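A short write-up of the structure that comes next.
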Amino acid sequence: MTRTRTAAVLAAATIALLAPVPSVHAAEAPRVLYAAADGSGADCTAGHPCALPAAQDAARAVHGRDVRVELADGTYELTAPLTLTGADSGADGHTVTWAAAPGAEPVLSGGRTLRDWSPNADGTWTAPVPAGVTPRQLFVDGTRAVRARGAACAASVCDATATGMTGATATGIASWARPADAEAVIRIRWRNYHCRITAVTGDQLTFAQPCWANSASGTGRTGPAWDTTTVDSTRYKGVAFFENASELLDAPGEFVWDSAARTVTYLPRPGEDMAHARAATPATERLMVLDGAHDVRIEGIGFAHSAYRQPDTDEGYAGTQAGLTLTGATGPVDHAGRHYTKPAAALTVRGGRRIAVDGADFRRLGGAGVVFEAGTQDSSITRSAFTDLSSGAVYVGDTEPNPPAALAGERNTVAYNTIRRTGVEYTDAVGIWAGYEAELTVDHNTLDRLPYSGISVGWGWNQPEAQQSVLRDNRITANRITNVMLTEYDQHDGGAIYTQGAQPGTVVSGNYINRSAYGNTERDGNGVYLDEQSSHILVTGNVITRIGYKWVSNWAGYGIDNLATGNWTDTDAPALSGRGSAMRDNATKLDALPEAALRVAEAAGAEGGRTERPRPDLVRIGTATQSSTSGTAAAAAAGDGDTSTDSRTLAEPGAWWQVDLGSVQHVGQVEVWNNASMTTAGFDIQLATAPDFSDATTVPVTGRALRPTVLDTDTQARYVRVRLHGTGAVGLSEVWVHP
């Protein structure tokens with residue numbers, strides 16, 4: 001049996017255990033009702049299927065047996081969510097199932113098709129927008145378009161304060177036809193802000209309220225008192241870009257919304273013909289809501305083009321962390337994030353019991369995929385796909401550390417799902433988020449290409465009101481998390497797996513993590529990040545490679561009694577700082593994975609997968625030297641296999657670091673990892689067989705070295721040197737030379 005087939009069999013067996021308890025009347029066949037996108041009447045038979053509301057009414061009328069509502073193939077265009085309540089639930093041991101008919105791929109859609117496109121002289125096309133629709137996203141033949149955007153604006157020009165921002169003149173905004181349709185998009189560390197411009201006065205920009213106030217300091221509601229990630233903080237570096245102005249519409253695949261004319265204008269990509277293309281914009285915010293429902297299954301149904309309306313309002317998007325936002329002009333003092341707002345999701349379950357979502361498909365969404373909240377318990381989202389979402393994929397639980405028992409999230413499961421390209425618009429969003437949950441299982445999920453953290457469990461930032469909570473006994477196991485904290489999105493201080501809060505009994509085990517913050521512009525990004533008060537957590541049996549900074553981090557002294565043991569990694573990390581925390585029996589600095597680690601890595605995820613294997617590093621058998629040494633930052637630190645230690649020279653003309661490999665070797669690739677201060681910038685990689693480098697092959701590098709800068713070399717060399725252009729210091733965490 002193949003590994004993939006074995007994984008599929010195990011997944012099916014595991015998920016069968018997670019399903020709601022079968023009916024005690026299992027011998028009696030379920031009543032099957034039939035629905036179709038063009039259905040009518042109330043028969044709900046295979047020959048005369050009904051529409052969704054009629055199918056719901058018919059299901060409510062069935063008593064004493066299981067009910068199965070089968071949806072035929074097609075797109076079900078919704079102007080309001082399909083809402084299931086206690087009246088739509090299974091009773092007396094029975095289950096109500098809403099499912100795709102055999103072989104069908106039904107899709108619940110909140111999209112509106114934009115028609116009547118007309119060409120313009122500049123190559124753009126324009127279409128009218130139906131009343132009541134505000135196009136924040138546009139999908140053309142299934143491909144996401146980009147809101148027209150400009151260049152970054154540095155803080156020296158776009159200087160942000162608690163009341164607004166300068167830069168209207170230098171950016172050209174002062175002369176835009178409709179600046180009040182445009183937004184500023186700002187990224188600061190782990191936060192993301194989207195606020196609409198409301199006025200231009202000389203060089204000064206002002207923004208919609210309360211969006212801007214909630215993005216700035218002074219409200220007493222933006223997290224811990226020490227937090228310095230607001231728009232008026234010293235960590236503000238400028239505007240990532242302004243978007244949605246006709247003056248910015250200059251690249252194929254971009255569009256702009258004109259609220260006065262009520263039109264969308266789009267510049268097609270090569271090969272697109274807007275006379276025949278299908279263009280859709282999300283309009284309906286939630287597609288399915290289960291409110292107080294129980295014993296309900298959702299199987300094989302697609303969800304597409306749901307909207308997320310809050311960012312279009314004056315609330316905007318004042319991101320706090322993980323895709324949650326601060327809303328409202330006023331509110332209680334809140335340093336623990338107890339009153340933050342989750343994004344709108346295509347499928348929302350509130351106070352559910354024994355809800356199972358299986359084999360669903362979520363794609364092309366303007367918000368999140370699934371939210372389980374308000375005390376949802378014993379429920380699961382399994383074997384589902386999440387692709388191309390503006391926000392995160394799955395949100396489980398809430399932000400109240402000690403809720404009443406009826407509102408506590410317990411025994412929920414997120415397993416065997418595939419999550420790719422989420423957080424496309426709101427780049428602080430995570431793949432899977434869980435707040436204050438107990439006995440949560442996050443198992444065998446595949447997450448890939450995410451802008452910030454992959455899986456985040458816990459909340460509270462060690463604030464007094466959050467130090468004691470219901471968090472406990474959570475399991476984050478056998479997930480495959482690759483290419484997260486993508487550097488092009490400039491979100492920082494996260495990890496592939498991120499935790500907060502004391503959660504005794506929690507285990508992080510058997511996960512394969514590869515490329516978190518890889519290629520970063522600063523020393524940042526973790527494999528497993530036990531942030532803030534993360535306590536009583538076991539990290540064991542994970543395979544963690546190609547990480548921008550630490551494979552495991554527990555930096556806070558008040559994050560206590562954590563244990564990292566029996567893991568495999570290609571680097572090392574400082575000792576855990578928390579009282580009673582320890583690292584022991586980990587296999588570190590590996591340039592080859594043992595068979596046991598390969599088995600763990602290849603079994604992780606929804607269907608297993610390939611493993612990026614570390615490559616042999618010739619530096620480790622060589623001798624490192626440098627032109628001078630600053631303090632104790634010796635040359636050997638850049639060849640010790642540990643990306644958390646640094647070498648550094650003094651600042652001097654032509655400073656260098658080099659390694660003698662001992663003999664002439666074929667050098668296929670060189671990786672240069674900059675040091676903690678990102679010191680090294682503007683340098684050559686020289687490769688030579690002669691010790692005086694008289695026969696050197698030189699590869700110039702402009703700008704700062706990344707973590708890492710990777711250079712293909714394909715040459716013979718015994719000596720490899722990093723030599724600075726001009727005067728300065730060379731500081732390096734690692735240089736890896738691969739044969």
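If you're wondering about the labels, chains in the structure tokens are A, B, ... by order shown, residues count from 1 in each chain, ligands from 1 in order shown.
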
If you count only C-alpha atoms, which residues fall within 9 Å of Asn445 in chain A, apart from same-chain ones fewer than 2 positions away, as a PDB file with N, CA and C atoms, in the first residue's frame?
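Below you can see around03.pdb, which holds the result:
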```
ATOM      1  N   THR A 382     -13.078  18.833   8.882  1.00  0.00           N
ATOM      2  CA  THR A 382     -12.142  17.808   8.431  1.00  0.00           C
ATOM      3  C   THR A 382     -12.158  17.680   6.918  1.00  0.00           C
ATOM      4  N   ARG A 383     -11.024  17.222   6.397  1.00  0.00           N
ATOM      5  CA  ARG A 383     -10.850  16.874   4.972  1.00  0.00           C
ATOM      6  C   ARG A 383     -11.366  17.954   4.031  1.00  0.00           C
ATOM      7  N   VAL A 414      -9.841  20.097  14.217  1.00  0.00           N
ATOM      8  CA  VAL A 414      -9.504  20.609  12.884  1.00  0.00           C
ATOM      9  C   VAL A 414      -8.475  19.642  12.319  1.00  0.00           C
ATOM     10  N   ALA A 415      -8.869  18.808  11.365  1.00  0.00           N
ATOM     11  CA  ALA A 415      -7.989  17.712  10.961  1.00  0.00           C
ATOM     12  C   ALA A 415      -8.080  17.417   9.468  1.00  0.00           C
ATOM     13  N   TYR A 416      -6.937  17.053   8.910  1.00  0.00           N
ATOM     14  CA  TYR A 416      -6.821  16.597   7.521  1.00  0.00           C
ATOM     15  C   TYR A 416      -7.336  17.623   6.516  1.00  0.00           C
ATOM     16  N   ASN A 417      -7.138  18.892   6.818  1.00  0.00           N
ATOM     17  CA  ASN A 417      -7.512  19.959   5.887  1.00  0.00           C
ATOM     18  C   ASN A 417      -6.288  20.449   5.124  1.00  0.00           C
ATOM     19  N   THR A 418      -6.533  21.046   3.971  1.00  0.00           N
ATOM     20  CA  THR A 418      -5.476  21.638   3.155  1.00  0.00           C
ATOM     21  C   THR A 418      -5.732  23.137   3.061  1.00  0.00           C
ATOM     22  N   ILE A 419      -4.746  23.925   3.479  1.00  0.00           N
ATOM     23  CA  ILE A 419      -4.894  25.384   3.570  1.00  0.00           C
ATOM     24  C   ILE A 419      -3.764  26.023   2.780  1.00  0.00           C
ATOM     25  N   VAL A 442      -5.721  19.709  16.613  1.00  0.00           N
ATOM     26  CA  VAL A 442      -5.342  20.256  15.308  1.00  0.00           C
ATOM     27  C   VAL A 442      -4.358  19.256  14.723  1.00  0.00           C
ATOM     28  N   ASP A 443      -4.816  18.431  13.805  1.00  0.00           N
ATOM     29  CA  ASP A 443      -4.067  17.234  13.441  1.00  0.00           C
ATOM     30  C   ASP A 443      -4.043  17.016  11.931  1.00  0.00           C
ATOM     31  N   LEU A 447      -0.580  23.151   5.549  1.00  0.00           N
ATOM     32  CA  LEU A 447      -0.650  24.602   5.401  1.00  0.00           C
ATOM     33  C   LEU A 447       0.547  25.063   4.587  1.00  0.00           C
ATOM     34  N   THR A 477      -0.722  18.282  16.258  1.00  0.00           N
ATOM     35  CA  THR A 477       0.032  17.085  15.908  1.00  0.00           C
ATOM     36  C   THR A 477       0.021  16.805  14.411  1.00  0.00           C
ATOM     37  N   ALA A 478       1.170  16.358  13.926  1.00  0.00           N
ATOM     38  CA  ALA A 478       1.310  15.789  12.578  1.00  0.00           C
ATOM     39  C   ALA A 478       0.861  16.731  11.471  1.00  0.00           C
ATOM     40  N   ASN A 479       1.026  18.026  11.683  1.00  0.00           N
ATOM     41  CA  ASN A 479       0.703  18.987  10.631  1.00  0.00           C
ATOM     42  C   ASN A 479       1.927  19.245   9.752  1.00  0.00           C
ATOM     43  N   ARG A 480       1.674  19.585   8.505  1.00  0.00           N
ATOM     44  CA  ARG A 480       2.732  19.937   7.547  1.00  0.00           C
ATOM     45  C   ARG A 480       2.609  21.434   7.262  1.00  0.00           C
ATOM     46  N   ILE A 481       3.589  22.207   7.709  1.00  0.00           N
ATOM     47  CA  ILE A 481       3.516  23.665   7.625  1.00  0.00           C
ATOM     48  C   ILE A 481       4.741  24.154   6.868  1.00  0.00           C
ATOM     49  N   ALA A 604       3.444  13.647   7.833  1.00  0.00           N
ATOM     50  CA  ALA A 604       2.712  14.818   8.322  1.00  0.00           C
ATOM     51  C   ALA A 604       1.846  15.417   7.229  1.00  0.00           C
ATOM     52  N   GLY A 605       0.750  16.037   7.639  1.00  0.00           N
ATOM     53  CA  GLY A 605      -0.129  16.719   6.702  1.00  0.00           C
ATOM     54  C   GLY A 605      -1.319  15.887   6.293  1.00  0.00           C
ATOM     55  N   ALA A 606      -2.180  16.492   5.481  1.00  0.00           N
ATOM     56  CA  ALA A 606      -3.425  15.842   5.071  1.00  0.00           C
ATOM     57  C   ALA A 606      -3.189  14.613   4.213  1.00  0.00           C
ATOM     58  N   GLU A 607      -2.125  14.642   3.415  1.00  0.00           N
ATOM     59  CA  GLU A 607      -1.832  13.506   2.541  1.00  0.00           C
ATOM     60  C   GLU A 607      -0.354  13.150   2.562  1.00  0.00           C
TER      61      GLU A 607
END
```

Run DSSP on the backbone and tell me which residues of range 191-307 of chain A come out as alpha helix (DSSP H); list them as a ChimeraX atom specification. /A:211-215

Residues as selected, all heavy atoms, written as a PDB file, in the first residue's frame, can you do that?
```
ATOM      1  N   CYS A 211     -11.568  53.762  12.472  1.00  0.00           N
ATOM      2  CA  CYS A 211     -10.453  52.946  11.990  1.00  0.00           C
ATOM      3  C   CYS A 211      -9.111  53.515  12.422  1.00  0.00           C
ATOM      4  O   CYS A 211      -8.270  52.800  12.997  1.00  0.00           O
ATOM      5  CB  CYS A 211     -10.507  52.830  10.465  1.00  0.00           C
ATOM      6  SG  CYS A 211      -9.204  51.765   9.782  1.00  0.00           S
ATOM      7  N   TRP A 212      -8.903  54.822  12.176  1.00  0.00           N
ATOM      8  CA  TRP A 212      -7.586  55.382  12.456  1.00  0.00           C
ATOM      9  C   TRP A 212      -7.313  55.452  13.959  1.00  0.00           C
ATOM     10  O   TRP A 212      -6.213  55.125  14.412  1.00  0.00           O
ATOM     11  CB  TRP A 212      -7.444  56.757  11.818  1.00  0.00           C
ATOM     12  CG  TRP A 212      -6.024  57.239  11.820  1.00  0.00           C
ATOM     13  CD1 TRP A 212      -5.475  58.181  12.640  1.00  0.00           C
ATOM     14  CD2 TRP A 212      -4.970  56.777  10.975  1.00  0.00           C
ATOM     15  NE1 TRP A 212      -4.140  58.337  12.356  1.00  0.00           N
ATOM     16  CE2 TRP A 212      -3.805  57.489  11.339  1.00  0.00           C
ATOM     17  CE3 TRP A 212      -4.890  55.838   9.953  1.00  0.00           C
ATOM     18  CZ2 TRP A 212      -2.571  57.284  10.696  1.00  0.00           C
ATOM     19  CZ3 TRP A 212      -3.670  55.626   9.321  1.00  0.00           C
ATOM     20  CH2 TRP A 212      -2.535  56.346   9.696  1.00  0.00           C
ATOM     21  N   ALA A 213      -8.307  55.848  14.740  1.00  0.00           N
ATOM     22  CA  ALA A 213      -8.113  55.896  16.190  1.00  0.00           C
ATOM     23  C   ALA A 213      -7.799  54.513  16.748  1.00  0.00           C
ATOM     24  O   ALA A 213      -6.967  54.363  17.655  1.00  0.00           O
ATOM     25  CB  ALA A 213      -9.352  56.477  16.865  1.00  0.00           C
ATOM     26  N   ASN A 214      -8.443  53.482  16.208  1.00  0.00           N
ATOM     27  CA  ASN A 214      -8.210  52.126  16.680  1.00  0.00           C
ATOM     28  C   ASN A 214      -6.890  51.548  16.177  1.00  0.00           C
ATOM     29  O   ASN A 214      -6.446  50.499  16.657  1.00  0.00           O
ATOM     30  CB  ASN A 214      -9.363  51.221  16.271  1.00  0.00           C
ATOM     31  CG  ASN A 214     -10.621  51.508  17.061  1.00  0.00           C
ATOM     32  OD1 ASN A 214     -10.565  52.110  18.133  1.00  0.00           O
ATOM     33  ND2 ASN A 214     -11.767  51.103  16.528  1.00  0.00           N
ATOM     34  N   SER A 215      -6.291  52.211  15.191  1.00  0.00           N
ATOM     35  CA  SER A 215      -4.979  51.808  14.693  1.00  0.00           C
ATOM     36  C   SER A 215      -3.857  52.547  15.406  1.00  0.00           C
ATOM     37  O   SER A 215      -2.681  52.232  15.203  1.00  0.00           O
ATOM     38  CB  SER A 215      -4.886  52.079  13.180  1.00  0.00           C
ATOM     39  OG  SER A 215      -5.910  51.421  12.470  1.00  0.00           O
TER      40      SER A 215
END
```

Do you have the CA of Thr348 in chain A-CA of Gln468 in chain A distance handy? 27.7 Å

Pairwise distance for CA of Gly39 in chain A and CA of Arg309 in chain A, rounded to one decimal in Å: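 Value for the CA of Gly39 in chain A-CA of Arg309 in chain A distance: 29.3 Å.
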
Can you pull out every residue within 12 Å of Thr79 in chain A, counting only C-alpha atoms, but drop anything in the same chain fewer than 3 positions away, and send it as an mmCIF file with N, CA and C atoms, in the first residue's frame?
```cif
data_model
loop_
_atom_site.group_PDB
_atom_site.id
_atom_site.type_symbol
_atom_site.label_atom_id
_atom_site.label_comp_id
_atom_site.auth_asym_id
_atom_site.auth_seq_id
_atom_site.Cartn_x
_atom_site.Cartn_y
_atom_site.Cartn_z
ATOM 1 N N TYR A 76 -25.320 27.953 -6.172
ATOM 2 C CA TYR A 76 -26.480 28.429 -5.420
ATOM 3 C C TYR A 76 -26.180 29.865 -4.993
ATOM 4 N N LEU A 82 -27.879 30.757 4.483
ATOM 5 C CA LEU A 82 -28.711 29.631 4.864
ATOM 6 C C LEU A 82 -28.470 29.424 6.357
ATOM 7 N N LEU A 108 -22.184 27.029 -2.720
ATOM 8 C CA LEU A 108 -22.926 28.170 -2.194
ATOM 9 C C LEU A 108 -22.097 29.414 -2.472
ATOM 10 N N SER A 109 -22.675 30.370 -3.165
ATOM 11 C CA SER A 109 -21.911 31.538 -3.598
ATOM 12 C C SER A 109 -22.563 32.826 -3.125
ATOM 13 N N GLY A 110 -21.712 33.738 -2.628
ATOM 14 C CA GLY A 110 -22.184 35.074 -2.285
ATOM 15 C C GLY A 110 -21.803 36.097 -3.329
ATOM 16 N N GLY A 111 -21.380 35.629 -4.487
ATOM 17 C CA GLY A 111 -20.883 36.532 -5.520
ATOM 18 C C GLY A 111 -21.976 37.122 -6.391
ATOM 19 N N ARG A 112 -21.650 38.270 -6.982
ATOM 20 C CA ARG A 112 -22.495 38.869 -8.016
ATOM 21 C C ARG A 112 -21.669 38.974 -9.290
ATOM 22 N N GLY A 132 -26.264 48.163 -3.967
ATOM 23 C CA GLY A 132 -26.045 47.414 -2.739
ATOM 24 C C GLY A 132 -24.775 46.593 -2.705
ATOM 25 N N VAL A 133 -23.990 46.654 -3.770
ATOM 26 C CA VAL A 133 -22.755 45.878 -3.851
ATOM 27 C C VAL A 133 -21.567 46.832 -3.849
ATOM 28 N N PRO A 282 -17.470 39.331 -4.457
ATOM 29 C CA PRO A 282 -18.202 38.897 -3.265
ATOM 30 C C PRO A 282 -19.166 39.978 -2.784
ATOM 31 N N ALA A 283 -20.379 39.562 -2.399
ATOM 32 C CA ALA A 283 -21.404 40.515 -1.960
ATOM 33 C C ALA A 283 -22.112 40.064 -0.692
ATOM 34 N N THR A 284 -22.440 38.776 -0.574
ATOM 35 C CA THR A 284 -23.118 38.263 0.610
ATOM 36 C C THR A 284 -22.075 37.831 1.634
ATOM 37 N N GLU A 285 -22.234 38.306 2.873
ATOM 38 C CA GLU A 285 -21.150 38.153 3.837
ATOM 39 C C GLU A 285 -21.022 36.737 4.378
ATOM 40 N N ARG A 286 -22.067 36.146 4.843
ATOM 41 C CA ARG A 286 -22.020 34.784 5.354
ATOM 42 C C ARG A 286 -22.936 33.919 4.506
ATOM 43 N N LEU A 287 -22.472 32.713 4.190
ATOM 44 C CA LEU A 287 -23.234 31.843 3.301
ATOM 45 C C LEU A 287 -24.025 30.792 4.074
ATOM 46 N N MET A 288 -23.484 30.331 5.167
ATOM 47 C CA MET A 288 -24.199 29.376 6.011
ATOM 48 C C MET A 288 -23.898 29.703 7.461
ATOM 49 N N HIS A 305 -16.897 33.129 -2.860
ATOM 50 C CA HIS A 305 -17.276 34.534 -3.045
ATOM 51 C C HIS A 305 -18.095 35.102 -1.886
ATOM 52 N N SER A 306 -17.789 34.674 -0.652
ATOM 53 C CA SER A 306 -18.414 35.349 0.483
ATOM 54 C C SER A 306 -17.664 36.649 0.742
ATOM 55 N N ALA A 307 -18.367 37.642 1.286
ATOM 56 C CA ALA A 307 -17.794 38.969 1.503
ATOM 57 C C ALA A 307 -17.392 39.140 2.957
#
```

Run DSSP on the backbone and grab whatever in range 173-300 of chain A lands in strand (DSSP E); send it over as a ChimeraX atom specification. /A:183-188,191-201,204-207,238-239,241-243,254-258,263-266,279-282,288-291,294-299

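With only C-alpha atoms as the atoms that count, the residue of A:Gln209, A:Gln137, A:Ser644, A:Ser391 with the shortest distance to Glu315 in chain A is A:Gln209.
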
Grab the CA of Ala36 in chain A to CA of Gly359 in chain A distance for me, in Å with one decimal place.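 Computing the Euclidean distance for CA of Ala36 in chain A and CA of Gly359 in chain A yields 19.3 Å.
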
Quick one: residues within 9 Å of Val619 in chain A, only C-alpha atoms, excluding same-chain residues fewer than 2 positions away - as a ChimeraX atom specification? /A:617,621-624,638-641,659-661,735-738

Only all heavy atoms, please: the residues just picked out, written as an mmCIF file, in the first residue's frame.
```cif
data_model
loop_
_atom_site.group_PDB
_atom_site.id
_atom_site.type_symbol
_atom_site.label_atom_id
_atom_site.label_comp_id
_atom_site.auth_asym_id
_atom_site.auth_seq_id
_atom_site.Cartn_x
_atom_site.Cartn_y
_atom_site.Cartn_z
ATOM 1 N N ASP A 617 26.964 20.380 4.528
ATOM 2 C CA ASP A 617 27.601 21.692 4.654
ATOM 3 C C ASP A 617 29.097 21.493 4.828
ATOM 4 O O ASP A 617 29.563 20.975 5.856
ATOM 5 C CB ASP A 617 27.007 22.433 5.855
ATOM 6 C CG ASP A 617 27.697 23.762 6.118
ATOM 7 O OD1 ASP A 617 28.309 24.306 5.180
ATOM 8 O OD2 ASP A 617 27.623 24.242 7.265
ATOM 9 N N ILE A 621 33.444 21.141 8.178
ATOM 10 C CA ILE A 621 34.702 20.400 8.227
ATOM 11 C C ILE A 621 35.874 21.307 7.882
ATOM 12 O O ILE A 621 37.007 20.853 7.762
ATOM 13 C CB ILE A 621 34.676 19.185 7.278
ATOM 14 C CG1 ILE A 621 34.460 19.643 5.830
ATOM 15 C CG2 ILE A 621 33.599 18.201 7.700
ATOM 16 C CD1 ILE A 621 34.606 18.511 4.811
ATOM 17 N N GLY A 622 35.588 22.619 7.705
ATOM 18 C CA GLY A 622 36.624 23.568 7.346
ATOM 19 C C GLY A 622 37.102 24.383 8.535
ATOM 20 O O GLY A 622 36.707 24.153 9.689
ATOM 21 N N THR A 623 37.943 25.366 8.231
ATOM 22 C CA THR A 623 38.480 26.265 9.243
ATOM 23 C C THR A 623 38.121 27.695 8.860
ATOM 24 O O THR A 623 38.477 28.171 7.781
ATOM 25 C CB THR A 623 40.010 26.131 9.338
ATOM 26 O OG1 THR A 623 40.343 24.768 9.645
ATOM 27 C CG2 THR A 623 40.564 27.044 10.421
ATOM 28 N N ALA A 624 37.394 28.381 9.751
ATOM 29 C CA ALA A 624 36.935 29.744 9.470
ATOM 30 C C ALA A 624 37.881 30.753 10.090
ATOM 31 O O ALA A 624 38.366 30.572 11.215
ATOM 32 C CB ALA A 624 35.526 29.942 10.007
ATOM 33 N N ALA A 638 30.085 31.502 12.570
ATOM 34 C CA ALA A 638 29.383 31.457 11.283
ATOM 35 C C ALA A 638 29.519 30.101 10.609
ATOM 36 O O ALA A 638 29.042 29.933 9.475
ATOM 37 C CB ALA A 638 29.906 32.554 10.362
ATOM 38 N N GLY A 639 30.133 29.168 11.284
ATOM 39 C CA GLY A 639 30.267 27.830 10.723
ATOM 40 C C GLY A 639 29.922 26.745 11.707
ATOM 41 O O GLY A 639 30.336 25.601 11.555
ATOM 42 N N ASP A 640 29.129 27.097 12.733
ATOM 43 C CA ASP A 640 28.814 26.126 13.789
ATOM 44 C C ASP A 640 27.463 25.451 13.606
ATOM 45 O O ASP A 640 27.008 24.715 14.480
ATOM 46 C CB ASP A 640 28.890 26.796 15.158
ATOM 47 C CG ASP A 640 27.874 27.931 15.335
ATOM 48 O OD1 ASP A 640 27.102 28.203 14.391
ATOM 49 O OD2 ASP A 640 27.865 28.562 16.422
ATOM 50 N N GLY A 641 26.781 25.737 12.480
ATOM 51 C CA GLY A 641 25.482 25.115 12.230
ATOM 52 C C GLY A 641 24.332 25.724 12.980
ATOM 53 O O GLY A 641 23.217 25.199 12.942
ATOM 54 N N VAL A 659 36.433 30.715 4.794
ATOM 55 C CA VAL A 659 36.599 29.355 5.270
ATOM 56 C C VAL A 659 37.537 28.608 4.330
ATOM 57 O O VAL A 659 37.473 28.756 3.108
ATOM 58 C CB VAL A 659 35.242 28.625 5.379
ATOM 59 C CG1 VAL A 659 34.556 28.504 4.028
ATOM 60 C CG2 VAL A 659 35.414 27.256 6.025
ATOM 61 N N ASP A 660 38.423 27.843 4.907
ATOM 62 C CA ASP A 660 39.285 26.913 4.186
ATOM 63 C C ASP A 660 38.653 25.536 4.322
ATOM 64 O O ASP A 660 38.550 24.985 5.429
ATOM 65 C CB ASP A 660 40.690 26.940 4.796
ATOM 66 C CG ASP A 660 41.634 25.928 4.157
ATOM 67 O OD1 ASP A 660 41.199 25.159 3.277
ATOM 68 O OD2 ASP A 660 42.817 25.896 4.565
ATOM 69 N N LEU A 661 38.199 24.975 3.211
ATOM 70 C CA LEU A 661 37.494 23.694 3.228
ATOM 71 C C LEU A 661 38.439 22.511 3.385
ATOM 72 O O LEU A 661 37.985 21.373 3.498
ATOM 73 C CB LEU A 661 36.666 23.537 1.952
ATOM 74 C CG LEU A 661 35.617 24.630 1.690
ATOM 75 C CD1 LEU A 661 34.920 24.387 0.359
ATOM 76 C CD2 LEU A 661 34.609 24.714 2.813
ATOM 77 N N VAL A 735 27.458 30.681 7.263
ATOM 78 C CA VAL A 735 27.726 30.507 5.834
ATOM 79 C C VAL A 735 27.708 29.011 5.590
ATOM 80 O O VAL A 735 28.458 28.262 6.226
ATOM 81 C CB VAL A 735 29.084 31.109 5.423
ATOM 82 C CG1 VAL A 735 29.340 30.836 3.938
ATOM 83 C CG2 VAL A 735 29.114 32.611 5.692
ATOM 84 N N TRP A 736 26.833 28.586 4.735
ATOM 85 C CA TRP A 736 26.750 27.166 4.386
ATOM 86 C C TRP A 736 27.221 26.997 2.959
ATOM 87 O O TRP A 736 26.755 27.703 2.037
ATOM 88 C CB TRP A 736 25.316 26.648 4.537
ATOM 89 C CG TRP A 736 24.858 26.588 5.970
ATOM 90 C CD1 TRP A 736 25.635 26.670 7.080
ATOM 91 C CD2 TRP A 736 23.519 26.419 6.435
ATOM 92 N NE1 TRP A 736 24.871 26.582 8.219
ATOM 93 C CE2 TRP A 736 23.556 26.424 7.849
ATOM 94 C CE3 TRP A 736 22.289 26.276 5.808
ATOM 95 C CZ2 TRP A 736 22.423 26.279 8.642
ATOM 96 C CZ3 TRP A 736 21.144 26.131 6.592
ATOM 97 C CH2 TRP A 736 21.220 26.132 7.991
ATOM 98 N N VAL A 737 28.130 26.059 2.759
ATOM 99 C CA VAL A 737 28.681 25.758 1.441
ATOM 100 C C VAL A 737 28.264 24.337 1.082
ATOM 101 O O VAL A 737 28.662 23.373 1.750
ATOM 102 C CB VAL A 737 30.213 25.905 1.435
ATOM 103 C CG1 VAL A 737 30.782 25.471 0.080
ATOM 104 C CG2 VAL A 737 30.607 27.352 1.729
ATOM 105 N N HIS A 738 27.454 24.224 0.047
ATOM 106 C CA HIS A 738 26.914 22.914 -0.329
ATOM 107 C C HIS A 738 27.645 22.352 -1.539
ATOM 108 O O HIS A 738 27.892 23.069 -2.512
ATOM 109 C CB HIS A 738 25.427 23.043 -0.674
ATOM 110 C CG HIS A 738 24.595 23.579 0.445
ATOM 111 N ND1 HIS A 738 24.536 22.983 1.674
ATOM 112 C CD2 HIS A 738 23.789 24.672 0.513
ATOM 113 C CE1 HIS A 738 23.716 23.670 2.459
ATOM 114 N NE2 HIS A 738 23.259 24.705 1.782
#
```

Give me the residues within 12 Å of Ala261 in chain A as a ChimeraX atom specification, counting only C-alpha atoms and dropping any in the same chain fewer than 6 places off. /A:126-131,134,178,181

Preceding selection exported with N, CA and C atoms as a compact mmCIF listing (two decimals), in the first residue's frame:
```
# COMPACT_ATOMS: atom_id res chain seq x y z
N THR A 126 -14.66 48.78 -18.30
CA THR A 126 -15.48 49.27 -17.20
C THR A 126 -16.84 48.59 -17.22
N ALA A 127 -17.33 48.27 -16.01
CA ALA A 127 -18.65 47.64 -15.88
C ALA A 127 -19.42 48.32 -14.77
N PRO A 128 -20.74 48.43 -14.92
CA PRO A 128 -21.57 48.96 -13.83
C PRO A 128 -21.68 47.94 -12.71
N VAL A 129 -21.91 48.44 -11.49
CA VAL A 129 -22.01 47.58 -10.31
C VAL A 129 -23.44 47.63 -9.79
N PRO A 130 -24.06 46.49 -9.52
CA PRO A 130 -25.45 46.49 -9.02
C PRO A 130 -25.58 47.25 -7.71
N ALA A 131 -26.75 47.78 -7.48
CA ALA A 131 -27.02 48.50 -6.23
C ALA A 131 -26.80 47.59 -5.03
N THR A 134 -20.57 46.53 -3.01
CA THR A 134 -19.32 47.30 -2.98
C THR A 134 -18.18 46.35 -3.31
N ARG A 178 -10.46 61.06 -6.82
CA ARG A 178 -11.32 60.56 -5.74
C ARG A 178 -10.46 59.94 -4.63
N ASP A 181 -11.96 57.34 -2.03
CA ASP A 181 -12.17 55.92 -2.34
C ASP A 181 -10.94 55.09 -2.00
```

Find the residues around Thr715 in chain A up to 8 Å (only C-alpha atoms counted), leave out those fewer than 2 positions away in its own chain, and share them as a count of residues only. 6

Please identify all polymer residues within 8 Å of Pro504 in chain A, counting only C-alpha atoms, omitting same-chain residues fewer than 5 positions from it, and present them as a compact mmCIF listing (two decimals) with C-alpha atoms, in the first residue's frame.
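The resulting file, around.txt, is shown below:
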```txt
# COMPACT_ATOMS: atom_id res chain seq x y z
CA LEU A 471 -6.85 26.68 28.08
CA ARG A 472 -5.69 23.07 28.52
CA ASP A 473 -4.96 19.72 26.91
CA SER A 535 3.39 27.46 29.74
CA HIS A 536 3.23 23.73 30.50
CA ILE A 537 3.62 22.77 26.81
```
